Amino acid sequence: MERSPSTQDLGSMPDRDAFVRVTKSLATLDAILCPDWSGRYYSFDSHWDNGEQLASMRNGCGDDWKAHITEVGIVLFGLAHESDICRPGNPWPGILDEVPAAFQASVSEPAFETSNLSYCIWLMSDSTGWQMGDVAFPFRDSADPDGSVEFLSILDGNPATYRDWAADYYETGVHLSSVEAVYGGEDLTSILVKSLNPHIEIEDIQEDIEGIGYP
């Protein structure tokens with residue numbers, strides 16, 4: 001069985017540096033493919049607050065995740081609104097019960113809407129692996145009871161995963177070599193940008209790229 005980042009396989013989640021790198025890459029690629037911010041799936045704010053960053057996903061259909069990145073570590077709050085354990089306004093037992101005290105300011109932050117969650121995972125800066133609370137999933141035969149497989153698999157660090165997703169979502173061909181270049185942190189030249197979206201100039205997204213903090 002192929003491994004995929006999720007609450008079912010936290011060992012497949014990227015470490016801190018890789019997480020920041022891949023989420024910045026996702027946001028940069030989306031900025032190129034979709035210059036209109038309102039239509040983007042992935043975003044990254046490298047100046048969300050003093051010394052804090054925010055990586056996020058939203059699909060426009062009620063599902064999202066927000067990853068708060070601080071010196072303490074990373075805490076990711078996710079909502080798959082049609083998942084088995086989604087309970088609006090009353091998260092399933094265990095999702096938030098064991099979040100470390102160091103992340104409580106994030107849990108209380110209104111922007112993260114933690115009253116509506118189907119999963120929560122975290123990585124302490126002094127830890128080697130991601131963790132989650134003791135959640136008793138009600139349906140043992142479900143392959144994705146909290147929706148994290150569907151929405152976190154993009155974090156596997158494989159450019160082909162994004163290429164395949166973007167080709168479907170944006171309904172356009174996406175060159176794998178161009179995605180690999182962005183994942184690798186290569187300079188965003190006009191040639192690279194146009195290989196992904198021939199309809200824009202690099203200047204059109206310069207402010208977005210600076211906000212993302214790419215590479």
# chains A, B, ... in the order shown; residues from 1 in each chain; ligands from 1

call {"tool": "select_by_dssp", "arguments": {"residues": "segment 81-213 of chain A", "states": "helix (DSSP H, G or I)", "output": "PyMOL selection string"}}
result
chain A and resi 101-108+110-112+148-156+159-169+176-183+190-196+202-212

call {"tool": "residues_around", "arguments": {"residues": "Glu113 of chain A", "least_positions_apart": "5", "cutoff": "12 Å", "atoms": "only C-alpha atoms", "output": "count of residues only"}}
result
16

call {"tool": "closest_atom_pairs", "arguments": {"of": "segment 120-165 of chain A", "to": "segment 82-85 of chain A", "cutoff": "6 Å", "atoms": "only C-alpha atoms", "output": "Markdown table"}}
result
| residue | atom | partner | partner_atom | distance |
| --- | --- | --- | --- | --- |
| A:Pro145 | CA | A:Asp84 | CA | 5.0 |
| A:Asp146 | CA | A:Ser83 | CA | 5.2 |
| A:Gly147 | CA | A:Ser83 | CA | 5.5 |

call {"tool": "closest_residue", "arguments": {"among": "A:Ile200, A:Ala31, A:Ala143, A:Ile212", "to": "Asp45 of chain A", "atoms": "only C-alpha atoms"}}
result
A:Ile212

call {"tool": "closest_residue", "arguments": {"among": "A:Arg87, A:Ser56, A:Val99, A:Ala105", "to": "Trp130 of chain A", "atoms": "only C-alpha atoms"}}
result
A:Val99

call {"tool": "select_by_dssp", "arguments": {"residues": "segment 3-182 of chain A", "states": "strand (DSSP E)", "output": "JSON, numbers by chain"}}
result
{"A": [42, 43, 44, 45, 46, 47, 48, 49, 52, 53, 54, 55, 56, 57, 58, 64, 65, 66, 67, 68, 69, 73, 74, 75, 76, 77, 78, 79, 119, 120, 121, 122, 123, 124, 131, 132]}

call {"tool": "atom_distance", "arguments": {"atom1": "atom CA of Thr189 of chain A", "atom2": "atom CA of Tyr169 of chain A"}}
result
24.3 Å
